[in-house]
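For reference, the structure is listed below as structure tokens.
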Amino acid sequence: MTRKTWRNAILVLLLALIGAVAWGWRDFSRFGDAPLHVAAQGESIDIGRGSSFKEIVRQLRDQQLSTASPLYWRLVAVQMRVAGKLHAGEYATPVGLTPRQLLANMAAGRVLQRNFTIVDGWTFHEVLAALGKAEKLQHATAGLDDAAIMQKIGAPGEQPEGRFLPETYAYVKGDSDLDILKRAHAAMAKTLDALWPGRDKDLPLATPYDALILASIVEKETGRADERAKIAGVFVRRLEDHMLLQTDPSVIYGMGDSYQGKIHKADLTTDTPYNTYTRPGLPPTPIALPGKPAIMAALHPAPGTALYFVARGDGSHAFADTLAEQNRNVACYQLKRCSQ
């Protein structure tokens with residue numbers, strides 16, 4: 001082989017090598033910013049504690065999020081200076097997520113957050129039932145009674161009903177239902193502490209807990225924002241006049257599991273601690289978890305003279321000053337015997 005032939009062969013090899021390097025660099029550059037293979041929204045990757053970089057890449061490949069060479073992943077991580085800084089945890093892998101974005105999330109510890117919403121008007125046991133269905137949440141309350149749960153969250157001796165603020169709470173994998181309950185309990189205490197000092201003067205409510213009880217009744221009586229303060233006003237005036245509250249939701253709460261969706265006349269005369277047709281004043285505890293608007297209504301009831309109200313059947317209520325007027329409203333809206 002002549003010297004010229006050697007030079008040509010070497011030149012061809014160099015050109016091939018340069019071409020291969022250029023192609024590899026373009027492919028590597030494309031990899032870092034190309035979307036991962038996410039099949040559907042809602043997927044995630046859960047990185048266990050102590051996982052090495054090699055194990056993380058293997059998991060990405062096992063979940064078919066990436067078919068790229070582990071070398072590419074290593075080079076991107078080195079380029080981003082995060083190779084030894086990836087945190088364990090569950091990370092969202094939304095459609096369109098790139099390797100660089102995923103590594104940045106892992107380096108910053110931006111783990112996947114889920115939301116749990118406590119709905120205004122739920123009872124405590126409804127909250128527990130919903131928590132039991134929440135995904136990726138440890139169910140530490142399983143097998144505990146109410147007293148044990150309150151002990152666990154740092155509120156020993158408290159009755160749980162009404163003590164948790166309806167709101168949306170974010171959580172991550174590894175959190176427990178007790179964590180959410182503790183935060184919701186603290187949020188309700190903070191809300192009451194903030195609102196109680198600004199209450200209307202001369203309310204027949206001795207403590208913030210009394211306000212919580214009244215707010216829970218208001219919460220169960222109406223879901224209409226324009227009626228909360230009016231209904232609170234009715235109950236405040238009845239308390240001031242030493243009238244029985246006669247609120248059906250409280251009776252229903254006292255019936256417990258015996259309530260089958262309809263209240264009967266006999267239920268109104270059967271005495272329980274929550275029967276406001278047989279016992280004066282507020283019931284002994286809240287009957288649900290009131291939201292902040294219901295608490296505001298209890299602390300700032302609307303002025304007026306109405307002492308009665310009845311549901312119209314469309315979500316609104318008809319208010320009355322006298323029993324005779326109330327009876328006419330009941331005949332009209334409940335018995336469908338409206339006089340023309």
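Here's how to read the names in the structure tokens: chain A, B, ... by the order shown, residue numbers from 1 in each chain, ligand numbers from 1 in the order shown.
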*Shell of 6 Å around range 307-311 of chain A, only C-alpha atoms, local chain residues under 6 positions omitted, as a ChimeraX atom specification*: /A:234,317-321
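Excluding Gly315 in chain A itself and any same-chain residue fewer than 4 positions from it, the protein and nucleic acid residues within 10 Å of it, counting only C-alpha atoms, are A:Glu221, A:Thr222, A:Gly223, A:Arg224, A:Ala311.
Taking the backbone of this structure through DSSP, the residues of range 254-301 of chain A that come out as alpha helix (DSSP H) are Gly254, Met255, Lys265, Ala266, Asp267, Leu268, Thr269, Lys292, Pro293, Ala294, Ile295, Met296, Ala297, Ala298 and Leu299 of chain A.
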For the selection you just gave me, I'd like the residues written to a file as a CSV table (one decimal), in the first residue's frame, keeping all heavy atoms.
```
chain,number,residue,atom,x,y,z
A,254,GLY,N,-78.1,13.1,65.7
A,254,GLY,CA,-78.3,12.3,66.9
A,254,GLY,C,-78.9,10.9,66.7
A,254,GLY,O,-78.7,10.0,67.5
A,255,MET,N,-79.6,10.7,65.5
A,255,MET,CA,-80.1,9.4,65.2
A,255,MET,C,-79.0,8.4,64.8
A,255,MET,O,-79.2,7.2,64.8
A,255,MET,CB,-81.2,9.6,64.1
A,255,MET,CG,-82.4,10.3,64.5
A,255,MET,SD,-83.5,10.7,63.1
A,255,MET,CE,-83.9,9.1,62.5
A,265,LYS,N,-92.1,12.1,62.4
A,265,LYS,CA,-92.6,12.8,63.5
A,265,LYS,C,-92.1,12.2,64.8
A,265,LYS,O,-91.7,12.9,65.8
A,265,LYS,CB,-94.1,12.9,63.5
A,265,LYS,CG,-94.7,13.8,64.6
A,265,LYS,CD,-96.2,13.9,64.5
A,265,LYS,CE,-96.7,14.8,65.6
A,265,LYS,NZ,-98.2,15.0,65.5
A,266,ALA,N,-92.0,10.8,64.9
A,266,ALA,CA,-91.6,10.1,66.1
A,266,ALA,C,-90.1,10.5,66.4
A,266,ALA,O,-89.7,10.5,67.5
A,266,ALA,CB,-91.8,8.6,65.9
A,267,ASP,N,-89.3,10.7,65.3
A,267,ASP,CA,-87.9,11.1,65.5
A,267,ASP,C,-87.8,12.4,66.2
A,267,ASP,O,-86.8,12.6,67.0
A,267,ASP,CB,-87.2,11.1,64.2
A,267,ASP,CG,-87.2,9.8,63.4
A,267,ASP,OD1,-87.1,8.7,64.1
A,267,ASP,OD2,-87.4,9.8,62.2
A,268,LEU,N,-88.7,13.3,66.0
A,268,LEU,CA,-88.7,14.6,66.6
A,268,LEU,C,-89.0,14.6,68.0
A,268,LEU,O,-88.7,15.6,68.8
A,268,LEU,CB,-89.6,15.6,65.8
A,268,LEU,CG,-89.4,15.8,64.3
A,268,LEU,CD1,-90.4,16.7,63.7
A,268,LEU,CD2,-87.9,16.2,64.1
A,269,THR,N,-89.7,13.6,68.5
A,269,THR,CA,-90.1,13.5,69.9
A,269,THR,C,-89.2,12.5,70.7
A,269,THR,O,-89.4,12.4,71.9
A,269,THR,CB,-91.6,13.1,70.0
A,269,THR,OG1,-91.8,11.8,69.3
A,269,THR,CG2,-92.5,14.1,69.4
A,292,LYS,N,-65.4,28.1,56.5
A,292,LYS,CA,-65.2,29.4,57.0
A,292,LYS,C,-66.4,30.3,56.8
A,292,LYS,O,-66.7,31.1,57.6
A,292,LYS,CB,-63.9,30.0,56.4
A,292,LYS,CG,-63.5,31.4,56.9
A,292,LYS,CD,-62.2,31.9,56.3
A,292,LYS,CE,-61.9,33.3,56.8
A,292,LYS,NZ,-60.6,33.8,56.3
A,293,PRO,N,-67.0,30.2,55.6
A,293,PRO,CA,-68.2,31.1,55.4
A,293,PRO,C,-69.3,30.8,56.4
A,293,PRO,O,-70.0,31.8,56.9
A,293,PRO,CB,-68.7,30.7,54.0
A,293,PRO,CG,-67.5,30.2,53.3
A,293,PRO,CD,-66.7,29.5,54.3
A,294,ALA,N,-69.5,29.6,56.8
A,294,ALA,CA,-70.5,29.3,57.8
A,294,ALA,C,-70.1,29.8,59.2
A,294,ALA,O,-70.9,30.3,60.0
A,294,ALA,CB,-70.8,27.8,57.9
A,295,ILE,N,-68.8,29.8,59.5
A,295,ILE,CA,-68.3,30.3,60.8
A,295,ILE,C,-68.5,31.8,60.8
A,295,ILE,O,-68.9,32.4,61.8
A,295,ILE,CB,-66.8,29.9,61.0
A,295,ILE,CG1,-66.7,28.4,61.1
A,295,ILE,CG2,-66.3,30.6,62.2
A,295,ILE,CD1,-65.2,28.0,61.1
A,296,MET,N,-68.2,32.5,59.7
A,296,MET,CA,-68.4,33.9,59.6
A,296,MET,C,-69.9,34.3,59.8
A,296,MET,O,-70.2,35.2,60.5
A,296,MET,CB,-68.0,34.4,58.2
A,296,MET,CG,-66.5,34.4,58.0
A,296,MET,SD,-65.6,35.7,59.0
A,296,MET,CE,-66.2,37.2,58.2
A,297,ALA,N,-70.8,33.5,59.2
A,297,ALA,CA,-72.2,33.7,59.4
A,297,ALA,C,-72.6,33.6,60.9
A,297,ALA,O,-73.4,34.4,61.4
A,297,ALA,CB,-73.0,32.7,58.5
A,298,ALA,N,-72.1,32.6,61.6
A,298,ALA,CA,-72.4,32.4,63.0
A,298,ALA,C,-71.9,33.6,63.8
A,298,ALA,O,-72.6,33.9,64.8
A,298,ALA,CB,-71.8,31.1,63.5
A,299,LEU,N,-70.8,34.1,63.4
A,299,LEU,CA,-70.2,35.2,64.2
A,299,LEU,C,-70.8,36.6,63.8
A,299,LEU,O,-70.7,37.6,64.6
A,299,LEU,CB,-68.7,35.2,64.0
A,299,LEU,CG,-68.0,34.0,64.6
A,299,LEU,CD1,-66.5,34.1,64.3
A,299,LEU,CD2,-68.2,33.9,66.1
```
*Near range 37-40 of chain A, within 9 Å and counting only C-alpha atoms, which residues show up once chain neighbours fewer than 5 positions away are dropped, as a list of chain:residue names?*
A:Gln64, A:Leu65, A:Ser66, A:Thr67, A:Thr93, A:Pro94, A:Val95, A:Gly96, A:Leu97
Would you list, as a PDB file with N, CA, C and O atoms, in the first residue's frame, the residues of range 41-268 of chain A that end up in strand (DSSP E) under DSSP run on this structure's backbone?
```pdb
ATOM      1  N   SER A  44     -46.130   8.156  37.160  1.00  0.00           N
ATOM      2  CA  SER A  44     -45.097   8.667  38.048  1.00  0.00           C
ATOM      3  C   SER A  44     -43.993   7.629  38.170  1.00  0.00           C
ATOM      4  O   SER A  44     -44.160   6.474  37.774  1.00  0.00           O
ATOM      5  N   ILE A  45     -42.884   8.047  38.730  1.00  0.00           N
ATOM      6  CA  ILE A  45     -41.785   7.133  39.032  1.00  0.00           C
ATOM      7  C   ILE A  45     -41.423   7.312  40.493  1.00  0.00           C
ATOM      8  O   ILE A  45     -41.298   8.447  40.975  1.00  0.00           O
ATOM      9  N   ASP A  46     -41.307   6.207  41.196  1.00  0.00           N
ATOM     10  CA  ASP A  46     -41.057   6.233  42.633  1.00  0.00           C
ATOM     11  C   ASP A  46     -39.629   5.766  42.897  1.00  0.00           C
ATOM     12  O   ASP A  46     -39.317   4.588  42.740  1.00  0.00           O
ATOM     13  N   ILE A  47     -38.762   6.689  43.279  1.00  0.00           N
ATOM     14  CA  ILE A  47     -37.356   6.387  43.519  1.00  0.00           C
ATOM     15  C   ILE A  47     -37.161   6.053  44.992  1.00  0.00           C
ATOM     16  O   ILE A  47     -37.428   6.871  45.868  1.00  0.00           O
ATOM     17  N   GLY A  89     -37.974   9.665  46.246  1.00  0.00           N
ATOM     18  CA  GLY A  89     -39.346  10.163  46.309  1.00  0.00           C
ATOM     19  C   GLY A  89     -40.113   9.818  45.053  1.00  0.00           C
ATOM     20  O   GLY A  89     -39.574   9.210  44.115  1.00  0.00           O
ATOM     21  N   GLU A  90     -41.371  10.193  45.026  1.00  0.00           N
ATOM     22  CA  GLU A  90     -42.228   9.941  43.871  1.00  0.00           C
ATOM     23  C   GLU A  90     -42.280  11.205  43.025  1.00  0.00           C
ATOM     24  O   GLU A  90     -42.560  12.297  43.526  1.00  0.00           O
ATOM     25  N   TYR A  91     -42.037  11.045  41.732  1.00  0.00           N
ATOM     26  CA  TYR A  91     -41.989  12.189  40.828  1.00  0.00           C
ATOM     27  C   TYR A  91     -42.996  12.010  39.701  1.00  0.00           C
ATOM     28  O   TYR A  91     -43.127  10.921  39.127  1.00  0.00           O
ATOM     29  N   ALA A  92     -43.687  13.085  39.386  1.00  0.00           N
ATOM     30  CA  ALA A  92     -44.651  13.057  38.289  1.00  0.00           C
ATOM     31  C   ALA A  92     -43.915  12.943  36.963  1.00  0.00           C
ATOM     32  O   ALA A  92     -42.836  13.508  36.789  1.00  0.00           O
ATOM     33  N   GLN A 113     -47.004  15.944  44.373  1.00  0.00           N
ATOM     34  CA  GLN A 113     -47.975  16.275  45.412  1.00  0.00           C
ATOM     35  C   GLN A 113     -49.373  15.890  44.949  1.00  0.00           C
ATOM     36  O   GLN A 113     -49.741  16.102  43.793  1.00  0.00           O
ATOM     37  N   ARG A 114     -50.128  15.326  45.872  1.00  0.00           N
ATOM     38  CA  ARG A 114     -51.535  15.037  45.616  1.00  0.00           C
ATOM     39  C   ARG A 114     -52.375  15.908  46.547  1.00  0.00           C
ATOM     40  O   ARG A 114     -51.868  16.430  47.540  1.00  0.00           O
ATOM     41  N   ASN A 115     -53.640  16.034  46.243  1.00  0.00           N
ATOM     42  CA  ASN A 115     -54.526  16.875  47.046  1.00  0.00           C
ATOM     43  C   ASN A 115     -55.643  16.052  47.668  1.00  0.00           C
ATOM     44  O   ASN A 115     -56.188  15.147  47.028  1.00  0.00           O
ATOM     45  N   PHE A 116     -55.957  16.398  48.908  1.00  0.00           N
ATOM     46  CA  PHE A 116     -57.112  15.808  49.592  1.00  0.00           C
ATOM     47  C   PHE A 116     -58.007  16.954  50.045  1.00  0.00           C
ATOM     48  O   PHE A 116     -57.551  17.866  50.736  1.00  0.00           O
ATOM     49  N   THR A 117     -59.268  16.901  49.642  1.00  0.00           N
ATOM     50  CA  THR A 117     -60.204  17.982  49.964  1.00  0.00           C
ATOM     51  C   THR A 117     -61.212  17.531  51.013  1.00  0.00           C
ATOM     52  O   THR A 117     -61.895  16.518  50.839  1.00  0.00           O
ATOM     53  N   THR A 168     -58.523  22.226  50.952  1.00  0.00           N
ATOM     54  CA  THR A 168     -57.734  21.259  50.191  1.00  0.00           C
ATOM     55  C   THR A 168     -56.319  21.224  50.754  1.00  0.00           C
ATOM     56  O   THR A 168     -55.666  22.256  50.890  1.00  0.00           O
ATOM     57  N   TYR A 169     -55.861  20.014  51.068  1.00  0.00           N
ATOM     58  CA  TYR A 169     -54.552  19.824  51.685  1.00  0.00           C
ATOM     59  C   TYR A 169     -53.669  18.987  50.756  1.00  0.00           C
ATOM     60  O   TYR A 169     -54.070  17.914  50.310  1.00  0.00           O
ATOM     61  N   ALA A 170     -52.473  19.494  50.461  1.00  0.00           N
ATOM     62  CA  ALA A 170     -51.525  18.763  49.617  1.00  0.00           C
ATOM     63  C   ALA A 170     -50.754  17.763  50.476  1.00  0.00           C
ATOM     64  O   ALA A 170     -50.460  18.021  51.648  1.00  0.00           O
ATOM     65  N   TYR A 171     -50.438  16.623  49.884  1.00  0.00           N
ATOM     66  CA  TYR A 171     -49.626  15.631  50.584  1.00  0.00           C
ATOM     67  C   TYR A 171     -48.750  14.896  49.584  1.00  0.00           C
ATOM     68  O   TYR A 171     -48.993  14.945  48.360  1.00  0.00           O
ATOM     69  N   VAL A 172     -47.728  14.240  50.086  1.00  0.00           N
ATOM     70  CA  VAL A 172     -46.827  13.470  49.239  1.00  0.00           C
ATOM     71  C   VAL A 172     -46.804  12.033  49.729  1.00  0.00           C
ATOM     72  O   VAL A 172     -47.230  11.739  50.856  1.00  0.00           O
TER      73      VAL A 172
END
```
*Would you list the contacts of Gln101 in chain A as a list of chain:residue names, taking every protein, DNA or RNA residue within 12 Å and counting only C-alpha atoms, but skipping same-chain residues closer than 3 positions in sequence?*
A:Phe31, A:Gly32, A:Asp33, A:Ala34, A:Pro35, A:Leu36, A:Val76, A:Ala77, A:Met80, A:Val82, A:Tyr91, A:Ala92, A:Thr93, A:Pro94, A:Val95, A:Gly96, A:Leu97, A:Thr98, A:Ala104, A:Asn105, A:Met106, A:Ala107, A:Ala108, A:Arg110
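Residues in contact range of Asp202 in chain A, defined as at most 12 Å between only C-alpha atoms, with sequence neighbours fewer than 5 positions away removed, read Val236, Arg237, Leu239, Glu240, Leu299, His300 and Pro301 of chain A.
Between Ile217 in chain A and the residues A:Gln63, A:Thr305, A:Gln79, A:Thr285, the shortest atom-to-atom distance, using only C-alpha atoms, involves A:Thr285.
Distance-wise, CA of Arg328 in chain A and CA of Asp241 in chain A end up 22.4 Å apart.
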